[in-house]
file run.txt (compact mmCIF, C-alpha atoms)
# COMPACT_ATOMS: atom_id res chain seq x y z
CA MET A 162 -10.62 -25.03 -0.39
CA SER A 163 -9.99 -28.69 0.30
CA CYS A 164 -11.41 -31.35 -1.96
CA CYS A 165 -13.93 -32.69 0.54
CA GLU A 166 -15.48 -29.27 1.18
CA CYS A 167 -17.60 -29.54 -1.95
CA ARG A 168 -19.33 -32.89 -1.38
CA ASP A 169 -22.68 -32.88 -3.16
CA ARG A 170 -24.06 -35.26 -0.54
CA GLU A 171 -24.30 -32.29 1.83
CA GLY A 172 -27.17 -30.95 -0.25
CA SER A 173 -29.56 -33.57 1.14
CA ILE A 174 -31.28 -32.61 4.40
CA LEU A 175 -32.26 -36.22 5.02
CA TYR A 176 -28.68 -37.42 4.45
CA SER A 177 -27.36 -34.76 6.84
CA LEU A 178 -29.85 -35.72 9.56
CA LEU A 179 -29.07 -39.41 9.34
CA ASN A 180 -25.35 -38.96 8.92
CA ARG A 181 -25.13 -37.49 12.39
CA GLY A 182 -25.49 -41.08 13.58
CA ALA A 183 -26.76 -40.07 16.99
CA HIS A 184 -29.50 -42.68 16.98
CA SER A 185 -28.07 -45.24 14.56
CA PRO A 186 -28.28 -48.93 15.51
CA GLN A 187 -24.85 -50.37 16.25
CA GLY A 188 -23.12 -47.59 14.35
CA HIS A 189 -24.68 -48.68 11.05
CA LEU A 190 -25.16 -45.16 9.75
CA GLU A 191 -21.59 -44.17 10.45
CA THR A 192 -20.41 -47.28 8.61
CA VAL A 193 -22.55 -46.48 5.58
CA ALA A 194 -21.38 -42.88 5.51
CA ALA A 195 -17.73 -43.88 5.85
CA GLN A 196 -18.01 -46.11 2.80
CA GLN A 197 -19.14 -43.26 0.55
CA PRO A 198 -16.38 -41.81 -1.65
CA CYS A 199 -15.77 -38.11 -1.99
CA SER A 200 -17.85 -36.78 -4.86
CA CYS A 201 -15.85 -33.62 -5.54
CA ALA A 202 -14.91 -34.83 -9.02
CA SER A 203 -18.39 -34.05 -10.21
CA ARG A 204 -21.19 -31.97 -8.76
CA ARG A 205 -23.50 -33.66 -11.26
CA LYS A 206 -23.19 -37.18 -9.84
CA LEU A 207 -26.55 -38.87 -10.30
CA VAL A 208 -27.93 -42.33 -9.64
CA ALA A 209 -30.91 -44.30 -10.91
CA ILE A 210 -32.75 -47.42 -9.79
CA ARG A 211 -31.11 -50.63 -10.97
CA ALA A 212 -34.42 -52.46 -11.58
CA PRO A 213 -36.91 -49.63 -12.22
CA GLN A 214 -39.91 -51.73 -13.29
CA LEU A 215 -39.73 -53.97 -10.22
CA VAL A 216 -39.24 -51.08 -7.81
CA PHE A 217 -41.99 -49.06 -9.50
CA LYS A 218 -44.41 -51.96 -9.01
CA ALA A 219 -43.37 -52.48 -5.38
CA ALA A 220 -43.59 -48.75 -4.57
CA SER A 221 -47.00 -48.48 -6.20
CA GLU A 222 -48.27 -51.44 -4.18
CA VAL A 223 -46.98 -49.86 -0.98
CA LEU A 224 -48.70 -46.59 -1.83
CA VAL A 225 -52.02 -48.30 -2.61
CA LYS A 226 -51.85 -50.10 0.75
CA THR A 227 -50.96 -46.85 2.51
CA PHE A 228 -53.88 -45.00 0.92
CA ARG A 229 -56.19 -47.81 1.98
CA PHE A 230 -55.03 -47.24 5.55
CA VAL A 231 -55.45 -43.47 5.23
CA LYS A 232 -59.00 -43.71 3.89
CA ASN A 233 -59.97 -46.00 6.75
CA VAL A 234 -59.02 -43.37 9.35
CA PRO A 235 -62.39 -41.92 10.48
CA CYS A 236 -60.96 -38.47 11.24
CA PHE A 237 -59.54 -38.26 7.73
CA ARG A 238 -62.82 -39.34 6.13
CA GLY A 239 -64.58 -36.59 8.08
CA LEU A 240 -62.46 -33.84 6.51
CA PRO A 241 -63.66 -31.84 3.49
CA ALA A 242 -62.63 -33.39 0.18
CA GLY A 243 -60.35 -30.44 -0.57
CA ASP A 244 -58.46 -30.88 2.69
CA GLN A 245 -58.12 -34.61 2.07
CA LEU A 246 -56.57 -33.89 -1.33
CA ARG A 247 -54.18 -31.26 0.05
CA LEU A 248 -53.00 -33.53 2.86
CA VAL A 249 -52.41 -36.45 0.47
CA ARG A 250 -50.46 -34.25 -1.94
CA ASN A 251 -48.30 -33.06 0.92
CA SER A 252 -47.65 -36.42 2.60
CA TRP A 253 -47.56 -39.12 -0.08
CA ALA A 254 -43.76 -39.17 -0.38
CA PRO A 255 -42.85 -39.63 3.32
CA LEU A 256 -45.79 -42.03 3.73
CA LEU A 257 -44.44 -44.09 0.83
CA VAL A 258 -40.94 -44.24 2.30
CA LEU A 259 -42.32 -45.21 5.71
CA GLY A 260 -44.45 -47.89 4.03
CA MET A 261 -41.35 -49.22 2.28
CA VAL A 262 -39.76 -49.71 5.68
CA GLN A 263 -42.82 -51.53 6.97
CA ASP A 264 -43.09 -53.79 3.91
CA SER A 265 -39.31 -54.40 3.69
CA VAL A 266 -39.03 -52.93 0.19
CA ASP A 267 -35.44 -52.12 -0.76
CA PHE A 268 -33.68 -50.93 -3.90
CA ASP A 269 -30.25 -50.70 -5.51
CA THR A 270 -28.93 -47.86 -7.62
CA VAL A 271 -26.46 -47.44 -10.44
CA GLU A 272 -24.52 -44.30 -11.19
CA THR A 273 -25.54 -42.22 -14.17
CA GLN A 274 -23.97 -39.06 -15.51
CA GLN A 275 -25.66 -35.81 -16.39
CA PRO A 276 -24.23 -34.46 -19.67
CA SER A 277 -22.10 -31.34 -19.34
CA LEU A 278 -23.20 -28.15 -21.06
CA LEU A 279 -20.37 -28.52 -23.57
CA HIS A 280 -21.46 -32.07 -24.37
CA MET A 281 -25.04 -30.91 -24.87
CA ILE A 282 -23.91 -28.21 -27.27
CA LEU A 283 -21.61 -30.48 -29.26
CA THR A 284 -24.14 -33.27 -29.63
CA HIS A 285 -27.15 -31.00 -30.19
CA SER A 286 -28.95 -32.83 -27.41
CA LYS A 287 -31.50 -30.06 -27.07
CA GLU A 288 -32.66 -30.62 -30.63
CA ARG A 289 -32.68 -34.38 -30.19
CA GLN A 290 -34.72 -34.02 -27.00
CA GLN A 291 -37.60 -32.54 -29.00
CA GLU A 292 -37.72 -35.66 -31.19
CA ARG A 293 -37.75 -38.19 -28.34
CA THR A 294 -40.79 -40.03 -27.13
CA PRO A 295 -41.86 -39.61 -23.47
CA ALA A 296 -40.28 -42.98 -22.63
CA GLU A 297 -36.99 -41.80 -24.11
CA SER A 298 -37.10 -38.51 -22.20
CA ARG A 299 -36.82 -39.97 -18.74
CA ASP A 300 -34.98 -38.32 -15.92
CA PRO A 301 -31.23 -39.02 -15.98
CA GLY A 302 -31.41 -39.78 -12.25
CA VAL A 303 -31.42 -38.12 -8.85
CA PRO A 304 -28.55 -36.68 -6.80
CA VAL A 305 -26.62 -39.39 -5.02
CA SER A 306 -27.28 -37.68 -1.68
CA ASP A 307 -31.04 -38.14 -2.08
CA ALA A 308 -30.75 -41.85 -2.86
CA GLU A 309 -28.23 -42.44 -0.06
CA GLY A 310 -30.40 -40.56 2.41
CA ILE A 311 -33.45 -42.72 1.66
CA LYS A 312 -31.44 -45.96 1.76
CA MET A 313 -29.90 -44.96 5.09
CA PHE A 314 -33.34 -44.10 6.44
CA LEU A 315 -34.71 -47.52 5.46
CA ALA A 316 -31.81 -49.30 7.18
CA TRP A 317 -32.03 -47.11 10.28
CA CYS A 318 -35.78 -47.66 10.76
CA ARG A 319 -35.52 -51.40 10.29
CA GLY A 320 -33.01 -51.45 13.10
CA LEU A 321 -35.59 -49.82 15.36
CA ARG A 322 -38.06 -52.71 14.92
CA ILE A 323 -41.05 -50.40 14.74
CA SER A 324 -44.33 -52.08 15.74
CA VAL A 325 -47.59 -52.03 13.77
CA ARG A 326 -49.17 -49.56 16.21
CA GLU A 327 -46.12 -47.29 16.09
CA TYR A 328 -46.30 -47.29 12.29
CA ALA A 329 -49.97 -46.24 12.53
CA PHE A 330 -49.21 -43.33 14.87
CA LEU A 331 -46.26 -42.22 12.75
CA LYS A 332 -48.43 -42.24 9.63
CA GLY A 333 -51.04 -40.14 11.40
CA ALA A 334 -48.47 -37.59 12.53
CA ILE A 335 -47.16 -37.30 8.95
CA LEU A 336 -50.58 -37.23 7.27
CA PHE A 337 -52.09 -34.54 9.49
CA THR A 338 -49.79 -31.60 8.78
CA PRO A 339 -51.40 -28.26 9.68
CA GLU A 340 -48.74 -26.26 7.79
CA VAL A 341 -50.27 -27.34 4.46
CA THR A 342 -51.56 -24.24 2.67
CA GLU A 343 -55.26 -23.46 2.14
CA LEU A 344 -56.59 -25.99 4.65
CA GLU A 345 -60.20 -25.32 5.61
CA CYS A 346 -59.89 -27.19 8.92
CA ARG A 347 -56.37 -26.22 9.92
CA GLU A 348 -56.90 -26.19 13.69
CA TYR A 349 -58.65 -29.54 13.57
CA VAL A 350 -55.77 -31.01 11.55
CA ARG A 351 -53.33 -29.52 14.08
CA ALA A 352 -55.26 -31.23 16.88
CA LEU A 353 -55.18 -34.53 14.99
CA GLN A 354 -51.41 -34.30 14.56
CA ARG A 355 -50.93 -33.61 18.27
CA GLU A 356 -53.23 -36.51 19.12
CA ALA A 357 -51.22 -38.89 16.90
CA GLU A 358 -47.96 -37.80 18.55
CA ARG A 359 -49.50 -38.04 22.02
CA ALA A 360 -50.82 -41.54 21.26
CA LEU A 361 -47.33 -42.54 20.09
CA TYR A 362 -45.84 -41.24 23.34
CA GLU A 363 -48.40 -43.04 25.50
CA HIS A 364 -47.88 -46.28 23.59
CA VAL A 365 -44.09 -46.13 23.99
CA ARG A 366 -44.38 -45.20 27.67
CA THR A 367 -46.71 -48.16 28.31
CA VAL A 368 -45.14 -50.86 26.14
CA HIS A 369 -41.45 -49.91 26.31
CA ARG A 370 -40.94 -49.19 29.98
CA GLY A 371 -37.29 -48.77 30.81
CA LYS A 372 -36.44 -47.67 27.25
CA ALA A 373 -36.35 -43.94 27.79
CA GLY A 374 -34.73 -43.19 24.45
CA ARG A 375 -37.25 -44.95 22.21
CA PHE A 376 -39.73 -42.09 21.93
CA GLY A 377 -36.86 -39.73 21.07
CA ARG A 378 -35.75 -42.08 18.30
CA LEU A 379 -39.28 -42.25 16.91
CA ARG A 380 -39.48 -38.46 17.02
CA ALA A 381 -36.26 -38.43 15.01
CA VAL A 382 -37.97 -40.72 12.50
CA LEU A 383 -40.70 -38.09 12.12
CA SER A 384 -38.13 -35.34 11.61
CA ALA A 385 -36.35 -37.37 8.95
CA LEU A 386 -39.63 -38.18 7.18
CA ARG A 387 -40.59 -34.50 7.11
CA SER A 388 -37.28 -33.66 5.40
CA ILE A 389 -37.88 -36.05 2.48
CA GLU A 390 -38.17 -34.27 -0.87
CA PRO A 391 -41.10 -35.53 -3.02
CA ASP A 392 -39.10 -34.83 -6.18
CA ALA A 393 -36.36 -37.20 -5.02
CA VAL A 394 -38.90 -39.95 -4.28
CA SER A 395 -40.58 -39.36 -7.63
CA GLY A 396 -37.25 -39.38 -9.47
CA LEU A 397 -36.18 -42.63 -7.85
CA PHE A 398 -39.32 -44.73 -7.91
CA PHE A 399 -41.70 -43.37 -10.55
CA ARG A 400 -40.15 -41.19 -13.27
CA PRO A 401 -37.83 -43.95 -14.58
CA VAL A 402 -41.04 -45.75 -15.66
CA THR A 403 -43.61 -42.99 -16.18
CA GLY A 404 -41.21 -40.72 -18.03
CA SER A 405 -42.59 -37.24 -18.59
CA SER A 406 -46.01 -38.14 -17.16
CA SER A 407 -46.91 -36.39 -13.92
CA THR A 408 -46.04 -38.37 -10.80
CA GLU A 409 -48.75 -36.52 -8.92
CA GLU A 410 -51.35 -37.73 -11.42
CA HIS A 411 -50.15 -41.29 -10.90
CA VAL A 412 -50.26 -40.88 -7.12
CA LEU A 413 -53.75 -39.35 -7.10
CA ALA A 414 -55.01 -42.03 -9.47
CA MET A 415 -53.97 -44.61 -6.85
CA PHE A 416 -55.58 -42.57 -4.08
CA TYR A 417 -58.89 -42.34 -5.94
CA GLY A 418 -58.73 -45.99 -6.98
CA ARG A 419 -58.34 -45.38 -10.71
CA GLN A 420 -55.36 -47.77 -11.05
call {"tool": "encode", "arguments": {"input": "run.txt", "output": "structure tokens"}}
result
Amino acid sequence: MSCCECRDREGSILYSLLNRGAHSPQGHLETVAAQQPCSCASRRKLVAIRAPQLVFKAASEVLVKTFRFVKNVPCFRGLPAGDQLRLVRNSWAPLLVLGMVQDSVDFDTVETQQPSLLHMILTHSKERQQERTPAESRDPGVPVSDAEGIKMFLAWCRGLRISVREYAFLKGAILFTPEVTELECREYVRALQREAERALYEHVRTVHRGKAGRFGRLRAVLSALRSIEPDAVSGLFFRPVTGSSSTEEHVLAMFYGRQ
């Protein structure tokens, strides 16, 4: 097996989608991918946010603004409270990343290193872990593929120059996901998702005449958003500050206005 056959970046669905480069502006995605070194030397290569407090604050502000938008959507307000909660739990991560594009929030990462099993045994890290405070027990980082995938997505979307109305339709298509389990109004949510996608198509057809590929690129944005792993978003933007506290509790506190 050749060295490059074991790249850990391949584990990220989002990275794989974007690395195809089929819709990248001016070859930007191919350039980014080409600059990434082979990671065969370690399957445990992790990265963390360079300025966690600043990025945590910016991400939280984006999420609060996004939830304000969501709660102002009449169709969402008309759903049962349980369905509202289930949809928010399912969609907060891609909605946050899309909001970061819209608000031009960016981030830098630094490489960390997950201790090997031998190192953990020799240094008795398991015993020391029990004595640490929550702040000292923070995540060591996220896989480099997850961070690269999100950074590439931010750069790609900014190159598309998405309009305010397109952002609104994209958020609706992400929010109203009928595949969420235990929905009381599943068919209604399915209809809302179709309506958001149809409105996006009609908007593009009317405003961007002569740009046949734009709707396809925005559909690719939706596909990429739906591949985003909430745990990766949590590990990048929240856990470095909240430590062992539940990210979902933090997210729902913002949704219900308790922050």
call {"tool": "atom_distance", "arguments": {"input": "run.txt", "atom1": "CA of Lys218 in chain A", "atom2": "CA of Ser407 in chain A"}}
result
16.5 Å
call {"tool": "residues_around", "arguments": {"input": "run.txt", "residues": "Phe416 in chain A", "least_positions_apart": "2", "cutoff": "9 Å", "atoms": "all atoms listed in the file", "output": "list of chain:residue names"}}
result
A:Leu224, A:Val225, A:Phe228, A:Arg229, A:Lys232, A:Val249, A:His411, A:Val412, A:Leu413, A:Ala414, A:Gly418, A:Arg419, A:Gln420
call {"tool": "closest_residue", "arguments": {"input": "run.txt", "among": "A:Ile389, A:Leu397, A:Ala242, A:Ala373", "to": "Phe268 in chain A", "atoms": "all atoms listed in the file"}}
result
A:Leu397
call {"tool": "residues_around", "arguments": {"input": "run.txt", "residues": "range 252-256 of chain A", "least_positions_apart": "2", "cutoff": "8 Å", "atoms": "only C-alpha atoms", "output": "ChimeraX atom specification"}}
result
/A:224,227,248-250,258-260,332,335-336,386-387,389-391,394-395,412
call {"tool": "build_atoms", "arguments": {"input": "run.txt", "residues": "range 393-405 of chain A", "atoms": "N, CA, C and O atoms", "output": "compact mmCIF listing (two decimals), in the coordinates of the input"}}
result
# COMPACT_ATOMS: atom_id res chain seq x y z
N ALA A 393 -37.35 -36.12 -5.09
CA ALA A 393 -36.36 -37.20 -5.02
C ALA A 393 -37.05 -38.56 -5.04
O ALA A 393 -36.61 -39.49 -5.73
N VAL A 394 -38.15 -38.69 -4.30
CA VAL A 394 -38.90 -39.95 -4.28
C VAL A 394 -39.48 -40.23 -5.66
O VAL A 394 -39.41 -41.36 -6.16
N SER A 395 -40.03 -39.21 -6.28
CA SER A 395 -40.58 -39.36 -7.63
C SER A 395 -39.49 -39.76 -8.62
O SER A 395 -39.67 -40.66 -9.45
N GLY A 396 -38.34 -39.08 -8.54
CA GLY A 396 -37.25 -39.38 -9.47
C GLY A 396 -36.68 -40.77 -9.31
O GLY A 396 -36.22 -41.37 -10.28
N LEU A 397 -36.70 -41.28 -8.09
CA LEU A 397 -36.18 -42.63 -7.85
C LEU A 397 -37.15 -43.72 -8.28
O LEU A 397 -36.78 -44.65 -9.00
N PHE A 398 -38.40 -43.60 -7.83
CA PHE A 398 -39.32 -44.73 -7.91
C PHE A 398 -40.35 -44.66 -9.02
O PHE A 398 -40.90 -45.69 -9.42
N PHE A 399 -40.62 -43.47 -9.57
CA PHE A 399 -41.70 -43.37 -10.55
C PHE A 399 -41.24 -42.87 -11.92
O PHE A 399 -41.57 -43.46 -12.94
N ARG A 400 -40.50 -41.76 -11.97
CA ARG A 400 -40.15 -41.19 -13.27
C ARG A 400 -39.36 -42.11 -14.18
O ARG A 400 -39.50 -42.03 -15.40
N PRO A 401 -38.51 -43.04 -13.65
CA PRO A 401 -37.83 -43.95 -14.58
C PRO A 401 -38.80 -44.80 -15.40
O PRO A 401 -38.43 -45.31 -16.46
N VAL A 402 -40.04 -44.95 -14.93
CA VAL A 402 -41.04 -45.75 -15.66
C VAL A 402 -42.07 -44.85 -16.33
O VAL A 402 -42.44 -45.07 -17.49
N THR A 403 -42.55 -43.83 -15.63
CA THR A 403 -43.61 -42.99 -16.18
C THR A 403 -43.08 -41.94 -17.15
O THR A 403 -43.86 -41.36 -17.91
N GLY A 404 -41.78 -41.71 -17.13
CA GLY A 404 -41.21 -40.72 -18.03
C GLY A 404 -41.70 -39.32 -17.73
O GLY A 404 -41.70 -38.88 -16.59
N SER A 405 -42.17 -38.63 -18.76
CA SER A 405 -42.59 -37.24 -18.59
C SER A 405 -43.98 -37.11 -17.97
O SER A 405 -44.43 -36.00 -17.69
